[in-house]
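The block underneath contains the structure these notes are about, expressed in structure tokens.
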Amino acid sequence: MIVLGSDLSAKGALVMMMKGNCAGGGHRTIPRLWGVIFLLVAKTAFADTFADTNVVSVIEGGHWQEDGAGEGSYRIIVVNQGFEHVSSRVVVEWKSVPTETGEAKIVHSVELVKGGFYSIGTPELTLSPDGARVELRGTSTYGPAVPVVCRFDLSPGGKVTLIKGCEE
């Protein structure tokens with residue numbers, strides 16, 4: 001039997017349950033079932049806490065406000081892909097302020113740069129009264145000596161205006 005306040009670790013308690021050496025130990029199936037449920041719940045809880053390992057940069061800032069959608073900030077995410085010729089995919093999100101339950105929502109999401117052509121560093125975000133400007137700097141995936149600069153203006157409503165394309 002497990003005694004509260006004893007020096008038994010969580011691992012030790014789990015082993016005892018799996019072997020059926022706790023209260024009700026005559027029915028070995030029930031403690032094993034609880035052990036399996038514990039492991040499944042723990043695995044699910046920890047699985048949601050890790051970020052995508054291909055995300056290399058995330059910046060958030062600025063402020064947007066939109067009728068019917070609320071208000072929030074801009075979030076720019078750079079994700080690398082590939083292994084021999086690494087390229088970047090860049091996405092901007094219009095993230096709402098957290099609700100009473102503490103959850104923010106992604107109201108809009110737009111891909112600024114498709115993967116496959118450019119390797120992008122950390123984005124620069126400049127704020128303006130009308131929204132924000134994003135500047136991306138990097139290199140061409142297949143010509144690393146070729147510098148790349150792209151600029152986009154962001155506005156409420158998920159609007160993106162191309163100022164300077166990466167291929168220019």
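Each chain of the structure tokens is named A, B, ... in the order shown, its residues numbered from 1; ligands are numbered from 1 in display order.
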
Quiz item: Among stretch 41-165 of chain A, which ones does DSSP place in alpha helix (DSSP H), written as a list in words?
Solution: Val41, Ala42, Lys43, Thr44, Ala45, Phe46 and Ala47 of chain A

Save the residues we just selected, all heavy atoms, as a PDB file, in the first residue's frame?
```pdb
ATOM      1  N   VAL A  41      -1.874  10.337 -20.938  1.00  0.00           N
ATOM      2  CA  VAL A  41      -2.192  11.731 -20.603  1.00  0.00           C
ATOM      3  C   VAL A  41      -0.910  12.556 -20.539  1.00  0.00           C
ATOM      4  O   VAL A  41      -0.849  13.670 -21.056  1.00  0.00           O
ATOM      5  CB  VAL A  41      -2.983  11.805 -19.285  1.00  0.00           C
ATOM      6  CG1 VAL A  41      -3.088  13.237 -18.786  1.00  0.00           C
ATOM      7  CG2 VAL A  41      -4.361  11.197 -19.472  1.00  0.00           C
ATOM      8  N   ALA A  42       0.135  12.025 -19.928  1.00  0.00           N
ATOM      9  CA  ALA A  42       1.410  12.751 -19.818  1.00  0.00           C
ATOM     10  C   ALA A  42       2.001  12.993 -21.201  1.00  0.00           C
ATOM     11  O   ALA A  42       2.480  14.091 -21.500  1.00  0.00           O
ATOM     12  CB  ALA A  42       2.383  11.970 -18.948  1.00  0.00           C
ATOM     13  N   LYS A  43       1.952  11.999 -22.072  1.00  0.00           N
ATOM     14  CA  LYS A  43       2.499  12.154 -23.423  1.00  0.00           C
ATOM     15  C   LYS A  43       1.750  13.231 -24.189  1.00  0.00           C
ATOM     16  O   LYS A  43       2.333  14.089 -24.830  1.00  0.00           O
ATOM     17  CB  LYS A  43       2.436  10.832 -24.175  1.00  0.00           C
ATOM     18  CG  LYS A  43       2.995  10.916 -25.580  1.00  0.00           C
ATOM     19  CD  LYS A  43       2.925   9.568 -26.262  1.00  0.00           C
ATOM     20  CE  LYS A  43       3.671   9.593 -27.551  1.00  0.00           C
ATOM     21  NZ  LYS A  43       2.934   9.846 -28.709  1.00  0.00           N
ATOM     22  N   THR A  44       0.436  13.237 -24.095  1.00  0.00           N
ATOM     23  CA  THR A  44      -0.374  14.238 -24.784  1.00  0.00           C
ATOM     24  C   THR A  44      -0.111  15.629 -24.231  1.00  0.00           C
ATOM     25  O   THR A  44       0.021  16.588 -24.979  1.00  0.00           O
ATOM     26  CB  THR A  44      -1.868  13.899 -24.646  1.00  0.00           C
ATOM     27  OG1 THR A  44      -2.077  12.590 -25.170  1.00  0.00           O
ATOM     28  CG2 THR A  44      -2.727  14.894 -25.389  1.00  0.00           C
ATOM     29  N   ALA A  45       0.005  15.764 -22.926  1.00  0.00           N
ATOM     30  CA  ALA A  45       0.238  17.074 -22.318  1.00  0.00           C
ATOM     31  C   ALA A  45       1.585  17.648 -22.735  1.00  0.00           C
ATOM     32  O   ALA A  45       1.700  18.833 -23.024  1.00  0.00           O
ATOM     33  CB  ALA A  45       0.164  16.957 -20.801  1.00  0.00           C
ATOM     34  N   PHE A  46       2.617  16.834 -22.783  1.00  0.00           N
ATOM     35  CA  PHE A  46       3.941  17.322 -23.136  1.00  0.00           C
ATOM     36  C   PHE A  46       4.109  17.513 -24.638  1.00  0.00           C
ATOM     37  O   PHE A  46       4.882  18.342 -25.068  1.00  0.00           O
ATOM     38  CB  PHE A  46       5.024  16.378 -22.607  1.00  0.00           C
ATOM     39  CG  PHE A  46       5.146  16.416 -21.117  1.00  0.00           C
ATOM     40  CD1 PHE A  46       4.946  15.273 -20.370  1.00  0.00           C
ATOM     41  CD2 PHE A  46       5.431  17.592 -20.452  1.00  0.00           C
ATOM     42  CE1 PHE A  46       5.056  15.308 -18.991  1.00  0.00           C
ATOM     43  CE2 PHE A  46       5.532  17.639 -19.083  1.00  0.00           C
ATOM     44  CZ  PHE A  46       5.348  16.485 -18.347  1.00  0.00           C
ATOM     45  N   ALA A  47       3.378  16.783 -25.451  1.00  0.00           N
ATOM     46  CA  ALA A  47       3.514  16.884 -26.907  1.00  0.00           C
ATOM     47  C   ALA A  47       3.103  18.258 -27.411  1.00  0.00           C
ATOM     48  O   ALA A  47       3.653  18.758 -28.385  1.00  0.00           O
ATOM     49  CB  ALA A  47       2.682  15.806 -27.589  1.00  0.00           C
TER      50      ALA A  47
END
```

Self-check item: Contacts of A:Ala104 at 9 Å (only C-alpha atoms; same-chain gap of 6+ positions) as a list of chain:residue names
Solution: A:Gly72, A:Lys95, A:Ser96, A:Val97, A:Pro98

Export of the given selection (N, CA and C atoms) as an mmCIF file, in the first residue's frame:
```
data_model
loop_
_atom_site.group_PDB
_atom_site.id
_atom_site.type_symbol
_atom_site.label_atom_id
_atom_site.label_comp_id
_atom_site.auth_asym_id
_atom_site.auth_seq_id
_atom_site.Cartn_x
_atom_site.Cartn_y
_atom_site.Cartn_z
ATOM 1 N N GLY A 72 -5.266 43.414 -32.312
ATOM 2 C CA GLY A 72 -4.169 42.537 -31.938
ATOM 3 C C GLY A 72 -2.852 43.021 -32.488
ATOM 4 N N LYS A 95 -2.673 38.379 -35.210
ATOM 5 C CA LYS A 95 -2.999 37.655 -33.978
ATOM 6 C C LYS A 95 -3.834 38.557 -33.069
ATOM 7 N N SER A 96 -4.976 38.061 -32.621
ATOM 8 C CA SER A 96 -5.857 38.857 -31.761
ATOM 9 C C SER A 96 -5.303 38.924 -30.338
ATOM 10 N N VAL A 97 -5.785 39.900 -29.580
ATOM 11 C CA VAL A 97 -5.433 39.954 -28.165
ATOM 12 C C VAL A 97 -6.123 38.777 -27.478
ATOM 13 N N PRO A 98 -5.560 38.277 -26.393
ATOM 14 C CA PRO A 98 -6.179 37.137 -25.713
ATOM 15 C C PRO A 98 -7.584 37.467 -25.196
#
```

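You can rank A:Leu127, A:Val146, A:Leu112, A:Val79 by their closest distance to A:Lys164 using only C-alpha atoms, and at the top of that list sits A:Leu112.
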
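Comparing A:Val110, A:Leu125, A:Ala51, A:Leu136 by their smallest distance to A:His63, the closest is A:Leu125 (using only C-alpha atoms).
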
Determine, counting only C-alpha atoms, which protein, DNA and RNA residues have an atom within 12 Å of an atom of A:Phe83; residues of the same chain fewer than 5 positions away are not included. Present the result as a PDB file with N, CA and C atoms, in the first residue's frame.
```pdb
ATOM      1  N   ASN A  54      11.675  23.550 -37.179  1.00  0.00           N
ATOM      2  CA  ASN A  54      12.067  24.246 -38.396  1.00  0.00           C
ATOM      3  C   ASN A  54      11.810  25.749 -38.318  1.00  0.00           C
ATOM      4  N   SER A  88      13.653  29.323 -47.118  1.00  0.00           N
ATOM      5  CA  SER A  88      12.753  29.802 -46.070  1.00  0.00           C
ATOM      6  C   SER A  88      11.365  30.070 -46.613  1.00  0.00           C
ATOM      7  N   GLY A 116      11.600  27.524 -51.091  1.00  0.00           N
ATOM      8  CA  GLY A 116      12.238  26.985 -52.286  1.00  0.00           C
ATOM      9  C   GLY A 116      13.200  27.904 -52.992  1.00  0.00           C
ATOM     10  N   SER A 119      16.746  32.081 -48.785  1.00  0.00           N
ATOM     11  CA  SER A 119      17.067  31.792 -47.396  1.00  0.00           C
ATOM     12  C   SER A 119      17.032  33.123 -46.651  1.00  0.00           C
ATOM     13  N   THR A 141      18.644  30.897 -52.611  1.00  0.00           N
ATOM     14  CA  THR A 141      18.953  29.515 -52.200  1.00  0.00           C
ATOM     15  C   THR A 141      20.015  28.878 -53.091  1.00  0.00           C
TER      16      THR A 141
END
```

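The coordinates place atom CA of A:Asn80 at 7.8 Å from atom CA of A:Gly115.
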
Quiz item: Skipping near chain neighbours, those fewer than 5 positions away, what residues fall within 6 Å of A:Arg75 using only C-alpha atoms, listed as a VMD selection string?
Solution: chain A and resid 59 to 60 92 to 93

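Between A:Gln65 and the residues A:Val107, A:Val160, A:Val78, A:Cys166, the shortest atom-to-atom distance, using only C-alpha atoms, involves A:Val107.
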
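Here atom CA of A:Gly61 stands at a distance of 11.2 Å from atom CA of A:Ser128.
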
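Candidate residues A:Glu103, A:Asp130, A:Glu111, A:Glu124 were compared for distance to A:Pro156, and the nearest is A:Asp130, using only C-alpha atoms.
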
Self-check item: Two-atom distance - atom CA of A:Thr139, atom CA of A:Gln81 (Å)
Solution: 14.4 Å

Exercise. Taking the DSSP assignment computed from this structure's backbone, write out as an MDAnalysis selection string all residues of stretch 35-123 of chain A that belong to strand (DSSP E or B).
Key: chainID A and resid 55:66 70:81 87:96 106:113 118:120

Atoms to include: N, CA and C atoms. Write the selected residues as a short mmCIF file (atom, residue, chain, number, x, y, z; two decimals), in the first residue's frame.
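In the end it all went to selection-v9.cif:
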```
data_model
loop_
_atom_site.label_atom_id
_atom_site.label_comp_id
_atom_site.auth_asym_id
_atom_site.auth_seq_id
_atom_site.Cartn_x
_atom_site.Cartn_y
_atom_site.Cartn_z
N VAL A 55 11.12 26.21 -37.27
CA VAL A 55 10.91 27.64 -37.08
C VAL A 55 12.22 28.24 -36.60
N VAL A 56 12.74 29.20 -37.38
CA VAL A 56 14.03 29.81 -37.02
C VAL A 56 13.89 31.22 -36.49
N SER A 57 12.73 31.84 -36.72
CA SER A 57 12.55 33.21 -36.23
C SER A 57 11.07 33.54 -36.12
N VAL A 58 10.72 34.18 -35.01
CA VAL A 58 9.36 34.69 -34.82
C VAL A 58 9.48 36.07 -34.19
N ILE A 59 8.89 37.06 -34.83
CA ILE A 59 8.83 38.38 -34.21
C ILE A 59 7.37 38.81 -34.17
N GLU A 60 7.04 39.58 -33.15
CA GLU A 60 5.67 40.03 -32.98
C GLU A 60 5.69 41.48 -32.53
N GLY A 61 4.80 42.28 -33.09
CA GLY A 61 4.74 43.68 -32.71
C GLY A 61 3.69 44.41 -33.48
N GLY A 62 3.62 45.71 -33.24
CA GLY A 62 2.65 46.54 -33.92
C GLY A 62 1.27 46.36 -33.33
N HIS A 63 0.31 47.04 -33.92
CA HIS A 63 -1.07 46.96 -33.46
C HIS A 63 -1.99 47.14 -34.65
N TRP A 64 -2.99 46.30 -34.74
CA TRP A 64 -4.04 46.45 -35.75
C TRP A 64 -5.38 46.43 -35.06
N GLN A 65 -6.36 47.07 -35.68
CA GLN A 65 -7.73 47.07 -35.18
C GLN A 65 -8.66 46.99 -36.38
N GLU A 66 -9.64 46.10 -36.28
CA GLU A 66 -10.52 45.83 -37.42
C GLU A 66 -11.94 45.63 -36.92
N GLY A 70 -11.86 42.58 -34.08
CA GLY A 70 -11.17 42.96 -32.86
C GLY A 70 -9.87 43.69 -33.13
N GLU A 71 -8.88 43.41 -32.29
CA GLU A 71 -7.57 44.04 -32.41
C GLU A 71 -6.50 43.07 -31.98
N GLY A 72 -5.27 43.41 -32.31
CA GLY A 72 -4.17 42.54 -31.94
C GLY A 72 -2.85 43.02 -32.49
N SER A 73 -1.94 42.09 -32.71
CA SER A 73 -0.58 42.40 -33.17
C SER A 73 -0.25 41.58 -34.42
N TYR A 74 0.82 41.98 -35.08
CA TYR A 74 1.32 41.26 -36.25
C TYR A 74 2.38 40.27 -35.77
N ARG A 75 2.39 39.08 -36.35
CA ARG A 75 3.43 38.09 -36.03
C ARG A 75 4.00 37.56 -37.33
N ILE A 76 5.34 37.64 -37.45
CA ILE A 76 6.03 37.17 -38.66
C ILE A 76 6.84 35.93 -38.27
N ILE A 77 6.64 34.84 -39.04
CA ILE A 77 7.28 33.56 -38.75
C ILE A 77 8.13 33.14 -39.95
N VAL A 78 9.40 32.80 -39.68
CA VAL A 78 10.29 32.29 -40.72
C VAL A 78 10.53 30.81 -40.43
N VAL A 79 10.24 29.97 -41.42
CA VAL A 79 10.40 28.52 -41.28
C VAL A 79 11.36 28.05 -42.36
N ASN A 80 12.43 27.36 -41.95
CA ASN A 80 13.38 26.81 -42.92
C ASN A 80 12.95 25.41 -43.33
N GLN A 81 13.28 25.07 -44.57
CA GLN A 81 12.97 23.73 -45.09
C GLN A 81 14.12 23.27 -45.97
N SER A 87 15.96 26.61 -47.75
CA SER A 87 15.19 27.78 -48.15
C SER A 87 14.22 28.12 -47.03
N SER A 88 13.65 29.32 -47.12
CA SER A 88 12.75 29.80 -46.07
C SER A 88 11.36 30.07 -46.61
N ARG A 89 10.42 29.85 -45.76
CA ARG A 89 9.03 30.21 -46.01
C ARG A 89 8.69 31.24 -44.95
N VAL A 90 8.07 32.36 -45.35
CA VAL A 90 7.76 33.43 -44.40
C VAL A 90 6.25 33.68 -44.41
N VAL A 91 5.66 33.68 -43.22
CA VAL A 91 4.21 33.87 -43.06
C VAL A 91 3.98 35.01 -42.08
N VAL A 92 3.00 35.86 -42.37
CA VAL A 92 2.58 36.89 -41.43
C VAL A 92 1.19 36.53 -40.92
N GLU A 93 0.98 36.72 -39.62
CA GLU A 93 -0.31 36.44 -39.00
C GLU A 93 -0.83 37.68 -38.29
N TRP A 94 -2.13 37.87 -38.33
CA TRP A 94 -2.79 38.92 -37.57
C TRP A 94 -3.34 38.20 -36.34
N LYS A 95 -2.67 38.38 -35.21
CA LYS A 95 -3.00 37.66 -33.98
C LYS A 95 -3.83 38.56 -33.07
N SER A 96 -4.98 38.06 -32.62
CA SER A 96 -5.86 38.86 -31.76
C SER A 96 -5.30 38.92 -30.34
N ILE A 106 -5.69 33.46 -34.42
CA ILE A 106 -5.11 33.97 -35.65
C ILE A 106 -6.29 34.37 -36.53
N VAL A 107 -6.41 35.68 -36.78
CA VAL A 107 -7.54 36.21 -37.53
C VAL A 107 -7.28 36.12 -39.03
N HIS A 108 -6.04 36.42 -39.45
CA HIS A 108 -5.64 36.32 -40.85
C HIS A 108 -4.24 35.73 -40.91
N SER A 109 -3.93 35.08 -42.01
CA SER A 109 -2.59 34.53 -42.23
C SER A 109 -2.28 34.61 -43.73
N VAL A 110 -1.12 35.19 -44.06
CA VAL A 110 -0.72 35.36 -45.46
C VAL A 110 0.73 34.92 -45.62
N GLU A 111 0.99 34.15 -46.65
CA GLU A 111 2.36 33.74 -46.97
C GLU A 111 3.04 34.87 -47.74
N LEU A 112 4.13 35.41 -47.18
CA LEU A 112 4.88 36.48 -47.84
C LEU A 112 5.90 35.92 -48.82
N VAL A 113 6.59 34.85 -48.43
CA VAL A 113 7.62 34.24 -49.27
C VAL A 113 7.38 32.73 -49.29
N TYR A 118 14.54 31.32 -51.50
CA TYR A 118 15.36 32.25 -50.74
C TYR A 118 15.60 31.73 -49.32
N SER A 119 16.75 32.08 -48.79
CA SER A 119 17.07 31.79 -47.40
C SER A 119 17.03 33.12 -46.65
N ILE A 120 16.07 33.27 -45.75
CA ILE A 120 15.77 34.55 -45.10
C ILE A 120 16.24 34.53 -43.65
#
```
